[in-house]
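Quick look at protein.txt (compact mmCIF, C-alpha atoms):
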```
# COMPACT_ATOMS: atom_id res chain seq x y z
CA MET A 1 -22.22 -3.20 5.21
CA ALA A 2 -20.39 -0.43 3.34
CA ASN A 3 -19.03 0.97 6.61
CA GLU A 4 -17.24 -2.33 7.28
CA ILE A 5 -14.99 -1.91 4.23
CA PRO A 6 -11.70 -0.10 4.94
CA ASP A 7 -11.00 3.03 2.89
CA PHE A 8 -7.86 1.54 1.36
CA VAL A 9 -9.92 -1.29 -0.23
CA ILE A 10 -12.17 1.25 -1.94
CA LEU A 11 -9.11 3.25 -3.01
CA ASP A 12 -7.62 0.08 -4.51
CA LEU A 13 -10.83 -0.66 -6.42
CA LEU A 14 -11.48 2.87 -7.75
CA PRO A 15 -9.25 2.60 -10.84
CA LEU A 16 -11.02 -0.58 -11.90
CA TYR A 17 -14.39 0.99 -11.07
CA PHE A 18 -13.65 4.03 -13.24
CA GLU A 19 -12.59 1.81 -16.12
CA GLY A 20 -15.78 -0.24 -15.80
CA GLU A 21 -13.82 -3.41 -15.11
CA VAL A 22 -15.53 -4.46 -11.87
CA SER A 23 -18.42 -6.84 -11.48
CA LYS A 24 -21.94 -5.54 -11.08
CA GLU A 25 -21.88 -6.49 -7.38
CA THR A 26 -18.60 -4.66 -6.78
CA LYS A 27 -19.91 -1.62 -8.62
CA LEU A 28 -23.02 -1.56 -6.42
CA LEU A 29 -20.89 -2.06 -3.31
CA ILE A 30 -18.58 0.85 -4.21
CA GLU A 31 -21.50 3.14 -5.06
CA GLU A 32 -23.24 2.31 -1.78
CA TYR A 33 -20.02 2.94 0.11
CA LEU A 34 -19.57 6.32 -1.59
CA ARG A 35 -23.16 7.30 -0.77
CA GLN A 36 -22.53 6.60 2.91
CA ASN A 37 -19.07 8.20 3.04
CA PRO A 38 -19.13 11.76 1.62
CA GLN A 39 -15.44 12.33 2.28
CA MET A 40 -14.50 9.27 0.26
CA ALA A 41 -17.04 10.23 -2.42
CA ALA A 42 -15.33 13.61 -2.81
CA LEU A 43 -11.97 11.85 -3.02
CA ALA A 44 -13.35 9.47 -5.65
CA GLU A 45 -14.74 12.39 -7.66
CA GLN A 46 -11.34 14.07 -7.54
CA ALA A 47 -9.67 10.79 -8.53
CA ASN A 48 -12.04 10.43 -11.47
CA LEU A 49 -10.87 13.82 -12.75
CA THR A 50 -7.16 12.99 -12.46
CA THR A 51 -5.11 10.56 -14.48
CA THR A 52 -3.81 8.52 -11.56
CA LEU A 53 -4.68 8.02 -7.92
CA GLN A 54 -1.16 9.15 -6.99
CA ASP A 55 -2.26 12.69 -7.93
CA VAL A 56 -5.02 12.55 -5.30
CA LEU A 57 -4.19 13.35 -1.69
CA ALA A 58 -5.62 10.84 0.75
CA PRO A 59 -7.43 12.39 3.72
CA LEU A 60 -5.22 12.85 6.76
CA LYS A 61 -6.03 10.92 9.87
CA LYS A 62 -5.76 12.59 13.29
CA GLU A 63 -2.60 10.58 14.06
CA ASN A 64 -0.93 11.85 10.87
CA GLU A 65 -1.97 15.43 11.63
CA MET A 66 -0.58 15.18 15.16
CA GLU A 67 2.70 13.71 13.91
CA ALA A 68 3.02 16.54 11.37
CA LEU A 69 2.33 19.07 14.12
CA ARG A 70 4.96 17.50 16.41
CA LYS A 71 7.51 17.53 13.59
CA ALA A 72 6.74 21.18 12.78
CA LYS A 73 7.08 22.17 16.45
CA ARG A 74 10.40 20.31 16.73
CA LEU A 75 11.71 22.04 13.58
CA MET A 76 10.59 25.45 14.87
CA VAL A 77 12.40 24.88 18.18
CA GLN A 78 15.57 23.81 16.34
CA HIS A 79 15.23 26.81 14.04
CA ASN A 80 14.95 29.23 16.96
CA VAL A 81 17.74 27.62 19.01
CA PHE A 82 20.16 27.64 16.08
CA LEU A 83 19.27 31.26 15.25
CA ALA A 84 19.84 32.37 18.85
CA ALA A 85 23.14 30.46 19.06
CA ALA A 86 24.30 31.92 15.75
CA ILE A 87 23.54 35.48 16.83
CA VAL A 88 25.14 35.09 20.27
CA LEU A 89 28.25 33.40 18.86
CA SER A 90 28.57 36.07 16.16
CA MET A 91 28.46 38.74 18.85
CA MET A 92 30.97 36.80 20.94
CA THR A 93 33.28 36.65 17.92
CA ALA A 94 33.15 40.42 17.52
CA LEU A 95 33.55 41.09 21.25
CA SER A 96 36.43 38.66 21.64
CA TYR A 97 38.16 40.27 18.67
CA LEU A 98 37.71 43.73 20.15
CA PHE A 99 38.66 42.96 23.72
CA LEU A 100 40.86 39.86 23.66
CA SER A 101 42.99 40.31 20.57
CA ASP A 102 45.75 42.05 22.60
CA GLU A 103 46.01 39.17 25.08
CA PRO A 104 48.66 36.49 24.47
CA ARG A 105 46.13 33.72 23.87
CA GLY A 106 43.30 36.09 23.03
CA ALA A 107 43.83 35.84 19.27
CA VAL A 108 42.50 32.30 19.35
CA ALA A 109 39.16 33.25 20.92
CA PRO A 110 37.72 35.02 17.85
CA LEU A 111 38.66 32.03 15.71
CA ILE A 112 36.93 29.61 18.07
CA PHE A 113 33.81 31.76 18.42
CA GLY A 114 33.84 32.47 14.69
CA GLY A 115 33.99 28.76 13.86
CA LEU A 116 31.15 28.01 16.24
CA ALA A 117 29.16 30.93 14.80
CA VAL A 118 29.62 29.63 11.26
CA ALA A 119 28.52 26.15 12.34
CA SER A 120 25.47 27.65 14.06
CA TRP A 121 24.54 29.67 10.97
CA VAL A 122 24.85 26.56 8.80
CA ALA A 123 22.64 24.61 11.23
CA PHE A 124 20.13 27.49 11.26
CA LEU A 125 19.97 27.66 7.47
CA THR A 126 19.56 23.87 7.26
CA ALA A 127 16.72 23.97 9.81
CA ASN A 128 15.21 26.92 7.95
CA ARG A 129 15.25 24.97 4.69
CA SER A 130 13.63 21.95 6.39
CA LEU A 131 10.99 24.17 7.90
CA SER A 132 10.23 25.79 4.53
CA SER A 133 9.70 22.49 2.73
```
Encoding of this model in structure tokens:
Amino acid sequence: MANEIPDFVILDLLPLYFEGEVSKETKLLIEEYLRQNPQMAALAEQANLTTTLQDVLAPLKKENEMEALRKAKRLMVQHNVFLAAAIVLSMMTALSYLFLSDEPRGAVAPLIFGGLAVASWVAFLTANRSLSS
């Protein structure tokens, strides 16, 4: 019977259970559930030691783990692409300044590449900050 109760119901009842404000039947139901579900029992023990349930991390489900992994992979790809673009555009800025500055329209090239390089560095640093948090 305890396996039929969703975890979120037990999580909702734990504060009342810890305060002793549940009926005898509910108390027995929660205790039976915790005996049959060691992961939830550990979570309940942790919750009992904290002041609020918001301080306790709920166990991750496989779907949540996979979504976090996909997000991390996407951020890493963005991070690497922006870094590569920033480095290449920085080099293009320097090369265009060295080799094209004598040309009639060549003075514009370093400005264009420089602007793109700055934008790429900003995008890289933003992706880096997202990846770090």
Neighbour list for A:Ile5 as a PyMOL selection string, cut-off 10 Å, only C-alpha atoms, skip fewer than 6 positions in-chain: chain A and resi 29-30+33
12 Å contact set for A:Arg129, all atoms listed in the file, chain neighbours under 3 positions out, as number ranges by chain: A: 75-76, 78-79, 122-126, 132-133
Quick one: residues within 8 Å of A:Leu11, all atoms listed in the file, excluding same-chain residues fewer than 4 positions away - as a PDB file with C-alpha atoms, in the coordinates of the input?
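Result file is result_39.pdb:
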```pdb
ATOM      1  CA  ASP A   7     -11.000   3.030   2.890  1.00  0.00           C
ATOM      2  CA  PRO A  15      -9.250   2.600 -10.840  1.00  0.00           C
ATOM      3  CA  ALA A  44     -13.350   9.470  -5.650  1.00  0.00           C
TER       4      ALA A  44
END
```
